[in-house]
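Colleague: Encoded as structure tokens, here's the structure I'll be asking about.
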Amino acid sequence: MGFCALLLVILWIFQTVFLSDMYKMIRKIEIERGITLVEKNINSPKLEDVLYDLELNKEIIVRPTRNFIPPARPVADLHNRRQPESITKEKVFVLADGSKISLTFHAMVTPVDATVSTLQMQLLIITGIILLLATLLAMIISKHISNPIEQINQSAKVLAKGNYEIEFEGKGFLEIRELADTLNTTALELSKVEGMRRELMSNISHDLRTPLAFIYSYAEMMHDFPHEVTSEQSQIIMDEAKRLTSLVNDVLDISSFETGITKLNKTNYNLTESIRKTINRFKELTKKEGYHLQFTYDEEIYIYADEVKITQAFYNILVNAITYSGQDKTIIMRQILKGNCVRIEVVDHGDGISQDDLPYIWDRYYKVDQKHKRALMGTGLGLSIVKKMIDIHGGDYGVESEVGKGSVFWFQLELE
Ligand code: ADP
């Protein structure tokens with residue numbers, strides 16, 4: 001409405017207030033153009049045509065100044081109380097024979113009062129029509145754009161308060177419907193993450209409490225009966241402390257990703273050796289329990305990457321393979337050179353992962369076995385850390401798994 005009003009005001013000012021001044025200005029410009037035209041053609045046979053054209057089309061009369069008599073007032077003007085104005089201009093031209101001639105250019109300026117009142121009348125009608133159309137347009141726009149956006153805004157406020165059940169309704173234009181769809185998906189995803197977060201919190205608090213209780217009761221026992229301390233008791237304390245450390249580390253890693261403070265510290269290092277070392281660390285740990293860890297590779301490979309992060313990705317996959325390995329307790333690791341890429345595979349013969357779970361295992365807090373089993377204690381963060389580590393290196397990762405047969409987890413990095 002404001003925009004229409006502005007247009008109308010501009011139209012009113014130009015068509016009524018400035019009309020007369022503009023008209024006079026245009027007449028002056030026309031006389032100047034006429035003078036230039038005559039000057040150009042003063043010695044040409046076309047002069048007659050030019051003068052005829054000026055008189056007929058521009059209503060500019062050109063006469064020699066000596067004989068100039070102002071033209072008679074038109075009959076209509078006789079009844080007009082106001083004297084009709086005119087613009088006259090004299091100009092001396094030099095002819096071909098060297099003589100000079102003075103010509104007078106005379107342009108009649110018809111009073112515009114009648115025109116102005118006609119225009120005012122028209123503008124009044126136009127104003128009415130435009131205001132009506134503007135009102136209609138405003139109503140349509142508000143129905144199809146403002147109202148749905150306002151509704152979406154209200155729902156978004158409800159979502160912001162943590163009510164993920166809210167439904168976004170998008171009516172009207174395609175963009176608004178798409179916005180509503182996007183927000184519905186967002187609400188759904190948020191509710192999933194929120195659910196996982198709650199579950200993780202309850203798991204973590206349970207997992208923290210149990211080892212702490214163990215540590216406290218064994219330490220208390222050792223304190224009360226210092227002569228009866230056995231190595232099993234101190235081993236339990238050490239195991240539980242280790243479990244706590246890995247839990248805290250996972251949570252710290254994830255939160256450092258979320259705050260975006262992870263930086264890559266790339267160096268050129270021997271990937272093969274680094275993997276061999278990690279496996280050896282596990283070999284010591286798992287020897288007693290009868291695990292077989294095999295590593296096959298053709299050559300030592302150097303890559304330009306962040307060793308700590310790549311080692312951690314491999315470590316997480318290996319821990320999973322050990323945790324979920326089958327009866328044979330065998331884990332096979334391979335380093336394969338594929339064109340410009342090096343691929344690391346970790347194979348286990350455990351239970352495998354069902355096709356339904358496969359797409360989600362890389363998500364944060366996702367655990368296939370939702371029931372809480374201490375033996376299979378995990379945070380559901382391990383693979384999401386792997387994913388992040390490989391992603392920031394621009395690498396690729398994946399898994400092939402079959403229920404009952406086992407899984408092959410792999411990641412590959414480009415050699416530079
Ligand atoms: P968690 O800490 O629970 O192991 P991860 O993110 O490392 O979390 O793994 C997510 C889920 O993927 C695990 O809960 C487990 O069910 C499944 N998983 C991971 N690796 C294997 C594997 N080698 N064999 C079978 N299942 C696996």
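Residues are named by chain letter and number: chains run A, B, ... in the order of the structure tokens, numbers start at 1 in each chain, and ligands are numbered from 1 in the order shown.
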Can you list, as an MDAnalysis selection string, every protein, DNA or RNA residue that comes within 12 Å of Ile303 (chain A) when you count only C-alpha atoms, leaving out same-chain residues fewer than 6 positions away?
Modeller: chainID A and resid 266:274 310 337 340:343 393 412:416
Colleague: Save the residues we just selected, C-alpha atoms, as a PDB file, in the first residue's frame?
Modeller:
```pdb
ATOM      1  CA  LYS A 266      50.075 -33.591   9.148  1.00  0.00           C
ATOM      2  CA  THR A 267      53.479 -35.183   8.713  1.00  0.00           C
ATOM      3  CA  ASN A 268      54.976 -37.649   6.287  1.00  0.00           C
ATOM      4  CA  TYR A 269      55.127 -40.876   8.286  1.00  0.00           C
ATOM      5  CA  ASN A 270      55.358 -44.621   7.873  1.00  0.00           C
ATOM      6  CA  LEU A 271      51.750 -45.815   7.998  1.00  0.00           C
ATOM      7  CA  THR A 272      52.705 -49.486   7.899  1.00  0.00           C
ATOM      8  CA  GLU A 273      54.987 -49.167  10.873  1.00  0.00           C
ATOM      9  CA  SER A 274      52.479 -47.131  12.839  1.00  0.00           C
ATOM     10  CA  ILE A 310      44.737 -42.021  11.726  1.00  0.00           C
ATOM     11  CA  LEU A 337      47.859 -50.493  -2.326  1.00  0.00           C
ATOM     12  CA  ASN A 340      46.996 -43.767  -5.694  1.00  0.00           C
ATOM     13  CA  CYS A 341      45.285 -44.992  -2.520  1.00  0.00           C
ATOM     14  CA  VAL A 342      46.215 -47.104   0.443  1.00  0.00           C
ATOM     15  CA  ARG A 343      43.449 -49.170   1.946  1.00  0.00           C
ATOM     16  CA  HIS A 393      41.611 -36.303   5.796  1.00  0.00           C
ATOM     17  CA  GLN A 412      41.406 -45.634   2.512  1.00  0.00           C
ATOM     18  CA  LEU A 413      43.548 -42.567   2.129  1.00  0.00           C
ATOM     19  CA  GLU A 414      45.111 -40.916  -0.866  1.00  0.00           C
ATOM     20  CA  LEU A 415      48.902 -40.999  -1.220  1.00  0.00           C
ATOM     21  CA  GLU A 416      50.279 -37.575  -2.040  1.00  0.00           C
TER      22      GLU A 416
END
```
Colleague: Where does DSSP see strand (DSSP E) in region 79-300 of chain A, if you list the residues as a list in words?
Modeller: Glu85, Ser86, Ile87, Thr88, Lys89, Glu90, Lys91, Val92, Phe93, Val94, Lys100, Ile101, Ser102, Leu103, Thr104, Phe105, His106, Ala107, Met108, Val109, Thr267, Asn268, Tyr269, Asn270, His292, Leu293, Gln294, Phe295 and Thr296 of chain A
Colleague: Would you mind telling me which residue in A:Gly2, A:Pro359, A:Gly350, A:Gly195 lies nearest to ligand 1 when using only C-alpha atoms and all ligand atoms?
Modeller: A:Gly350
Colleague: Which residue, A:Lys309, A:Arg177, A:Lys367, A:Lys405, has the smallest gap to ligand 1 when you use only C-alpha atoms and all ligand atoms?
Modeller: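 Answer, going by the shortest atom-to-atom distance: A:Lys367.
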Colleague: Find the residues around Ile145 (chain A) up to 8 Å (only C-alpha atoms counted), leave out those fewer than 5 positions away in its own chain, and share them as a PyMOL selection string.
Modeller: chain A and resi 172-173+176
Colleague: Quick one: write out the picked residues with C-alpha atoms as a JSON list (two decimals), in the first residue's frame?
Modeller:
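Written output follows (selection.json):
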```
[["chain", "number", "residue", "atom", "x", "y", "z"],
["A", 172, "GLY", "CA", 0.83, -21.53, -0.25],
["A", 173, "PHE", "CA", 3.97, -21.21, -2.28],
["A", 176, "ILE", "CA", 7.15, -22.25, 1.99]]
```
Colleague: Could you tell me how far CA of Ala313 (chain A) sits from CA of Ile254 (chain A), in Å to one decimal place?
Modeller: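 One can read the CA of Ile254 (chain A) to CA of Ala313 (chain A) distance as 12.9 Å.
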Colleague: Interatomic distance between CA of Arg33 (chain A) and CA of Lys100 (chain A)?
Modeller: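 Computing the Euclidean distance for CA of Arg33 (chain A) and CA of Lys100 (chain A) yields 20.6 Å.
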Colleague: Using only C-alpha atoms, find the one residue out of A:Gly395, A:Gln312, A:Asp224, A:Leu247 that sits nearest to Leu208 (chain A).
Modeller: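 With only C-alpha atoms as the atom set, the closest residue is A:Leu247.
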Colleague: Taking 5 positions as the minimum chain separation for residues in the same chain, which residues sit within 9 Å of Ile361 (chain A) when counting only C-alpha atoms? Answer as a PyMOL selection string.
Modeller: chain A and resi 366-368+380+383-384
Colleague: Which residue is closest to Leu212 (chain A)? Choose from A:Lys192, A:Arg27, A:His292, A:Lys242 and count only C-alpha atoms.
Modeller: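 Among the listed residues, A:Lys242 lies closest to Leu212 (chain A).
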Colleague: Got a sec: who's within 9 Å of Lys171 (chain A), counting only C-alpha atoms, leaving out chain neighbours fewer than 6 positions off, as a PyMOL selection string?
Modeller: chain A and resi 144-145+147-149+177+180
Colleague: Go ahead and compute the interatomic distance for CA of Gln294 (chain A) and CA of Tyr360 (chain A), in Å to one decimal.
Modeller: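 That distance, rounded to one decimal, is 28.2 Å.
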Colleague: Please extract the residues of region 76-197 of chain A with a backbone DSSP assignment of alpha helix (DSSP H) and present them as a PyMOL selection string.
Modeller: chain A and resi 76-78+113-141+147-160+174-197
Colleague: Quick one: of A:Ile87, A:Phe105, A:Ile13, A:Gly290, who's nearest to Glu55 (chain A), counting only C-alpha atoms?
Modeller: A:Phe105
Colleague: Find the residue from A:Glu220, A:Asp351, A:Glu169, A:Glu39 that sits nearest to ligand 1; use only C-alpha atoms and all ligand atoms when measuring.
Modeller: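 Using only C-alpha atoms and all ligand atoms, the shortest distance to ligand 1 belongs to A:Asp351.
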Colleague: What's the 12 Å shell around Lys287 (chain A), counting only C-alpha atoms, without same-chain residues fewer than 6 positions away, as a list in words?
Modeller: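 My list of contacting residues is Ile279, Asn280, Arg281, Leu293, Ile322, Lys329 and Thr330 of chain A.
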Colleague: Excluding same-chain residues fewer than 5 positions from Tyr291 (chain A), what lies within 10 Å of it counting only C-alpha atoms, as a list in words?
Modeller: Phe282, Lys283, Glu284, Leu285, Thr286, Ile322, Ser325, Gln327, Asp328, Lys329, Thr330 and Ile331 of chain A
Colleague: Please write the residues from the selection above to a file, keeping N, CA and C atoms, as a PDB file, in the first residue's frame.
Modeller:
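Once written, result-v4.pdb looks like this:
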```pdb
ATOM      1  N   PHE A 282      48.228 -54.288  21.097  1.00  0.00           N
ATOM      2  CA  PHE A 282      47.067 -55.141  21.364  1.00  0.00           C
ATOM      3  C   PHE A 282      47.468 -56.590  21.574  1.00  0.00           C
ATOM      4  N   LYS A 283      48.497 -57.017  20.817  1.00  0.00           N
ATOM      5  CA  LYS A 283      48.934 -58.418  20.919  1.00  0.00           C
ATOM      6  C   LYS A 283      49.293 -58.746  22.358  1.00  0.00           C
ATOM      7  N   GLU A 284      50.042 -57.824  23.011  1.00  0.00           N
ATOM      8  CA  GLU A 284      50.425 -58.019  24.405  1.00  0.00           C
ATOM      9  C   GLU A 284      49.195 -58.153  25.287  1.00  0.00           C
ATOM     10  N   LEU A 285      48.249 -57.228  25.039  1.00  0.00           N
ATOM     11  CA  LEU A 285      47.053 -57.180  25.883  1.00  0.00           C
ATOM     12  C   LEU A 285      46.176 -58.412  25.735  1.00  0.00           C
ATOM     13  N   THR A 286      46.126 -58.937  24.495  1.00  0.00           N
ATOM     14  CA  THR A 286      45.130 -59.971  24.217  1.00  0.00           C
ATOM     15  C   THR A 286      45.717 -61.377  24.185  1.00  0.00           C
ATOM     16  N   ILE A 322      37.974 -56.716  17.951  1.00  0.00           N
ATOM     17  CA  ILE A 322      38.310 -57.604  19.075  1.00  0.00           C
ATOM     18  C   ILE A 322      37.062 -57.846  19.932  1.00  0.00           C
ATOM     19  N   SER A 325      34.578 -59.990  17.961  1.00  0.00           N
ATOM     20  CA  SER A 325      35.105 -61.097  17.144  1.00  0.00           C
ATOM     21  C   SER A 325      34.425 -62.421  17.529  1.00  0.00           C
ATOM     22  N   GLN A 327      34.116 -66.877  17.619  1.00  0.00           N
ATOM     23  CA  GLN A 327      34.727 -67.949  18.408  1.00  0.00           C
ATOM     24  C   GLN A 327      36.211 -68.107  18.095  1.00  0.00           C
ATOM     25  N   ASP A 328      36.561 -67.913  16.811  1.00  0.00           N
ATOM     26  CA  ASP A 328      37.955 -68.161  16.418  1.00  0.00           C
ATOM     27  C   ASP A 328      38.927 -67.106  16.938  1.00  0.00           C
ATOM     28  N   LYS A 329      38.386 -66.028  17.460  1.00  0.00           N
ATOM     29  CA  LYS A 329      39.203 -64.958  18.050  1.00  0.00           C
ATOM     30  C   LYS A 329      40.319 -64.511  17.116  1.00  0.00           C
ATOM     31  N   THR A 330      39.986 -64.524  15.821  1.00  0.00           N
ATOM     32  CA  THR A 330      41.013 -64.146  14.846  1.00  0.00           C
ATOM     33  C   THR A 330      40.629 -62.835  14.170  1.00  0.00           C
ATOM     34  N   ILE A 331      41.598 -61.960  14.108  1.00  0.00           N
ATOM     35  CA  ILE A 331      41.358 -60.697  13.402  1.00  0.00           C
ATOM     36  C   ILE A 331      42.456 -60.540  12.364  1.00  0.00           C
TER      37      ILE A 331
END
```
